[in-house]
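Asker: Pasting a structure here, questions to come.
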Amino acid sequence: MKIIKSTKELQSIRRSISTKVGFVPTMGALHEGHISLIKEAKKQNDIVFVSIFINPKQFSINEDFSSYPIKKEADIKICALAKVDYLFMPEISSIYSQNEVLIKSPNQSYILEGFSRPDHFNGVLQVVLKLFGLIQARNSYFGKKDAQQLFLIQKMVKNFFINTQIIACETLRQNDGLAISSRNTYLLPQEKKEASLISKSLYCASRIISKNEFDVNIIKNEMLNILKNLNVEYIEFVNKNFQKITKVELKNTIILIVVKFKTVRLLDNIWV
Ligand code: AMP
């Protein structure tokens, strides 16, 4: 595995590759969820690039960019073991300059994860567009766990005619159903147990829907019943165009949930 730090070197290496390239963008602190994306990329491509870049532009002022977990050495080992071909770990200064052309997210960026952080998805799309330009992958891999991000990236690729195929990967979960996230490590043992109720509430919703109950309020109340002792930030039902809905449309509905444990926000969703 080769580690690349500079954009110039990356572009020069990329020009020498004519076989099928797969790309997995990450912010590091890699876990099994990230590894599942890398495995998928390995299966479907000849060469796999992974990027690790903690993007300052997607953090708002009250979110602590400086405390985002950094695990450089472990990440390098994980990527080498997963047989990544190129690991791109740029400095902030090589990605951003002064007074740049900016990208403005569409309306769907200002609900849910963008509601209290209106610049979040502008920052996500800005960096992902740069990475797509640098790596020029045939296939790019994103987790369904970040469903709103996935939707917006798919939309950007379409709107800007970017030549990469977005591959949506399933959420990897622990045995108890908890979606794997680097934030899980911040939970106390009791909180970890309680956190498994998040996926239980989503599975419960899916069961109710399979019995032909499509009323969002009724389903949401059942979910809240399971989560009654937890601090639910939101439960929202959207269609695949990320518009809020009041009736579930089969094969066109995503149920999204955020539960807070003190300052730790856990995201999850299910596609029904
Ligand atoms: P991050 O490093 O948090 O920006 O995540 C990088 C990629 O990994 C994103 O596309 C995430 O959606 C994806 N990801 C994070 N957690 C999981 C998981 N548990 N299962 C599958 N993909 C995940």
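Labels used: A, B, ... for chains in the order of the structure tokens, numbers from 1 for residues in each chain, and numbers from 1 for ligands as shown.
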Could you list, as a ChimeraX atom specification, every residue within 6 Å of segment 204-221 of chain A, counting only C-alpha atoms and ignoring same-chain residues fewer than 6 positions away?

Answerer: /A:246-248

Asker: If you count only C-alpha atoms, which residues fall within 7 Å of His120 of chain A, apart from same-chain ones fewer than 5 positions away, as an NGL selection string?

Answerer: :A and (58-60 or 114)

Asker: Write the selection just made, keeping N, CA and C atoms, as a PDB file, in the first residue's frame?

Answerer:
```pdb
ATOM      1  N   GLN A  58     -17.088  20.949   7.097  1.00  0.00           N
ATOM      2  CA  GLN A  58     -18.403  20.373   7.380  1.00  0.00           C
ATOM      3  C   GLN A  58     -18.756  20.415   8.873  1.00  0.00           C
ATOM      4  N   PHE A  59     -17.860  20.983   9.682  1.00  0.00           N
ATOM      5  CA  PHE A  59     -18.137  21.135  11.114  1.00  0.00           C
ATOM      6  C   PHE A  59     -18.647  22.548  11.356  1.00  0.00           C
ATOM      7  N   SER A  60     -19.697  22.686  12.201  1.00  0.00           N
ATOM      8  CA  SER A  60     -20.132  24.045  12.531  1.00  0.00           C
ATOM      9  C   SER A  60     -19.340  24.528  13.755  1.00  0.00           C
ATOM     10  N   GLY A 114     -29.004  18.766   8.461  1.00  0.00           N
ATOM     11  CA  GLY A 114     -28.620  20.122   8.087  1.00  0.00           C
ATOM     12  C   GLY A 114     -29.441  21.185   8.799  1.00  0.00           C
TER      13      GLY A 114
END
```

Asker: Neighbours of Thr26 of chain A within 10 Å (only C-alpha atoms; same-chain residues fewer than 6 positions away dropped), as a list in words?

Answerer: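 After dropping sequence-adjacent residues, the list is His34, Val50, Ser51, Ile52, Phe53, Ile54, Asn55, Tyr141 and Phe142 of chain A.
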
Asker: Could you list the protein, DNA and RNA residues that have any atom within 6 Å of ligand 1, counting only C-alpha atoms and all ligand atoms, and write them as an MDAnalysis selection string?

Answerer: chainID A and resid 25:28 33:34 142:146 170:173 179:181

Asker: Kindly save the residues from that selection, with N, CA and C atoms included, as an mmCIF file, in the first residue's frame.

Answerer:
```
data_model
loop_
_atom_site.group_PDB
_atom_site.id
_atom_site.type_symbol
_atom_site.label_atom_id
_atom_site.label_comp_id
_atom_site.auth_asym_id
_atom_site.auth_seq_id
_atom_site.Cartn_x
_atom_site.Cartn_y
_atom_site.Cartn_z
ATOM 1 N N PRO A 25 -14.150 7.293 0.370
ATOM 2 C CA PRO A 25 -13.776 8.465 1.178
ATOM 3 C C PRO A 25 -14.171 8.294 2.636
ATOM 4 N N THR A 26 -13.273 8.668 3.548
ATOM 5 C CA THR A 26 -13.575 8.567 4.985
ATOM 6 C C THR A 26 -12.943 9.741 5.738
ATOM 7 N N MET A 27 -13.341 9.837 7.016
ATOM 8 C CA MET A 27 -12.685 10.811 7.898
ATOM 9 C C MET A 27 -11.792 10.092 8.909
ATOM 10 N N GLY A 28 -11.477 8.823 8.631
ATOM 11 C CA GLY A 28 -10.560 8.094 9.515
ATOM 12 C C GLY A 28 -11.250 7.521 10.733
ATOM 13 N N GLY A 33 -17.443 -0.824 9.807
ATOM 14 C CA GLY A 33 -18.327 -0.217 8.806
ATOM 15 C C GLY A 33 -17.526 0.273 7.609
ATOM 16 N N HIS A 34 -16.443 0.999 7.881
ATOM 17 C CA HIS A 34 -15.577 1.477 6.798
ATOM 18 C C HIS A 34 -14.967 0.288 6.049
ATOM 19 N N PHE A 142 -20.277 4.697 -0.577
ATOM 20 C CA PHE A 142 -20.805 5.477 0.547
ATOM 21 C C PHE A 142 -21.777 4.609 1.338
ATOM 22 N N GLY A 143 -21.875 4.889 2.658
ATOM 23 C CA GLY A 143 -22.753 4.098 3.512
ATOM 24 C C GLY A 143 -24.178 4.645 3.528
ATOM 25 N N LYS A 144 -25.131 3.711 3.533
ATOM 26 C CA LYS A 144 -26.545 4.109 3.683
ATOM 27 C C LYS A 144 -26.796 4.682 5.072
ATOM 28 N N LYS A 145 -25.879 4.406 5.995
ATOM 29 C CA LYS A 145 -26.037 4.928 7.357
ATOM 30 C C LYS A 145 -26.159 6.451 7.329
ATOM 31 N N ASP A 146 -25.392 7.095 6.448
ATOM 32 C CA ASP A 146 -25.499 8.546 6.288
ATOM 33 C C ASP A 146 -26.382 8.811 5.069
ATOM 34 N N GLU A 170 -24.751 -1.189 2.537
ATOM 35 C CA GLU A 170 -25.608 -1.430 3.708
ATOM 36 C C GLU A 170 -24.891 -1.034 5.001
ATOM 37 N N THR A 171 -25.675 -0.672 5.999
ATOM 38 C CA THR A 171 -25.117 -0.320 7.307
ATOM 39 C C THR A 171 -24.656 -1.574 8.035
ATOM 40 N N LEU A 172 -23.414 -1.558 8.476
ATOM 41 C CA LEU A 172 -22.913 -2.686 9.257
ATOM 42 C C LEU A 172 -23.293 -2.492 10.725
ATOM 43 N N ARG A 173 -23.784 -3.568 11.331
ATOM 44 C CA ARG A 173 -24.306 -3.478 12.699
ATOM 45 C C ARG A 173 -23.615 -4.466 13.630
ATOM 46 N N ALA A 179 -25.934 0.200 15.025
ATOM 47 C CA ALA A 179 -25.125 0.556 13.852
ATOM 48 C C ALA A 179 -23.718 0.926 14.316
ATOM 49 N N ILE A 180 -22.711 0.373 13.640
ATOM 50 C CA ILE A 180 -21.329 0.625 14.069
ATOM 51 C C ILE A 180 -20.938 2.059 13.735
ATOM 52 N N SER A 181 -20.349 2.724 14.730
ATOM 53 C CA SER A 181 -19.933 4.110 14.549
ATOM 54 C C SER A 181 -18.772 4.384 15.492
#
```

Asker: Might you pull out every residue within 7 Å of Phe23 of chain A, with only C-alpha atoms counted and same-chain residues fewer than 4 positions away left off, and present them as a PyMOL selection string?

Answerer: chain A and resi 41+48-50+137+139-141

Asker: Considering only C-alpha atoms, can you say which of A:Ile61, A:Leu230, A:Leu152, A:Ile4 comes closest to Gln108 of chain A?

Answerer: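 For Gln108 of chain A, the nearest of the candidates is A:Leu152.
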
Asker: Counting only C-alpha atoms, what is within 9 Å of segment 198-201 of chain A, bar same-chain residues fewer than 3 positions away, as an MDAnalysis selection string?

Answerer: chainID A and resid 176:179 194:195 204:206 222:227 257:259 266:270

Asker: What's around Lys57 of chain A at 8 Å? Count only C-alpha atoms, leave out sequence neighbours fewer than 6 positions away in its own chain, and write the answer as a list in words.

Answerer: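 Non-adjacent residues within range: Asp119, His120, Asn122, Gly123 and Val124 of chain A.
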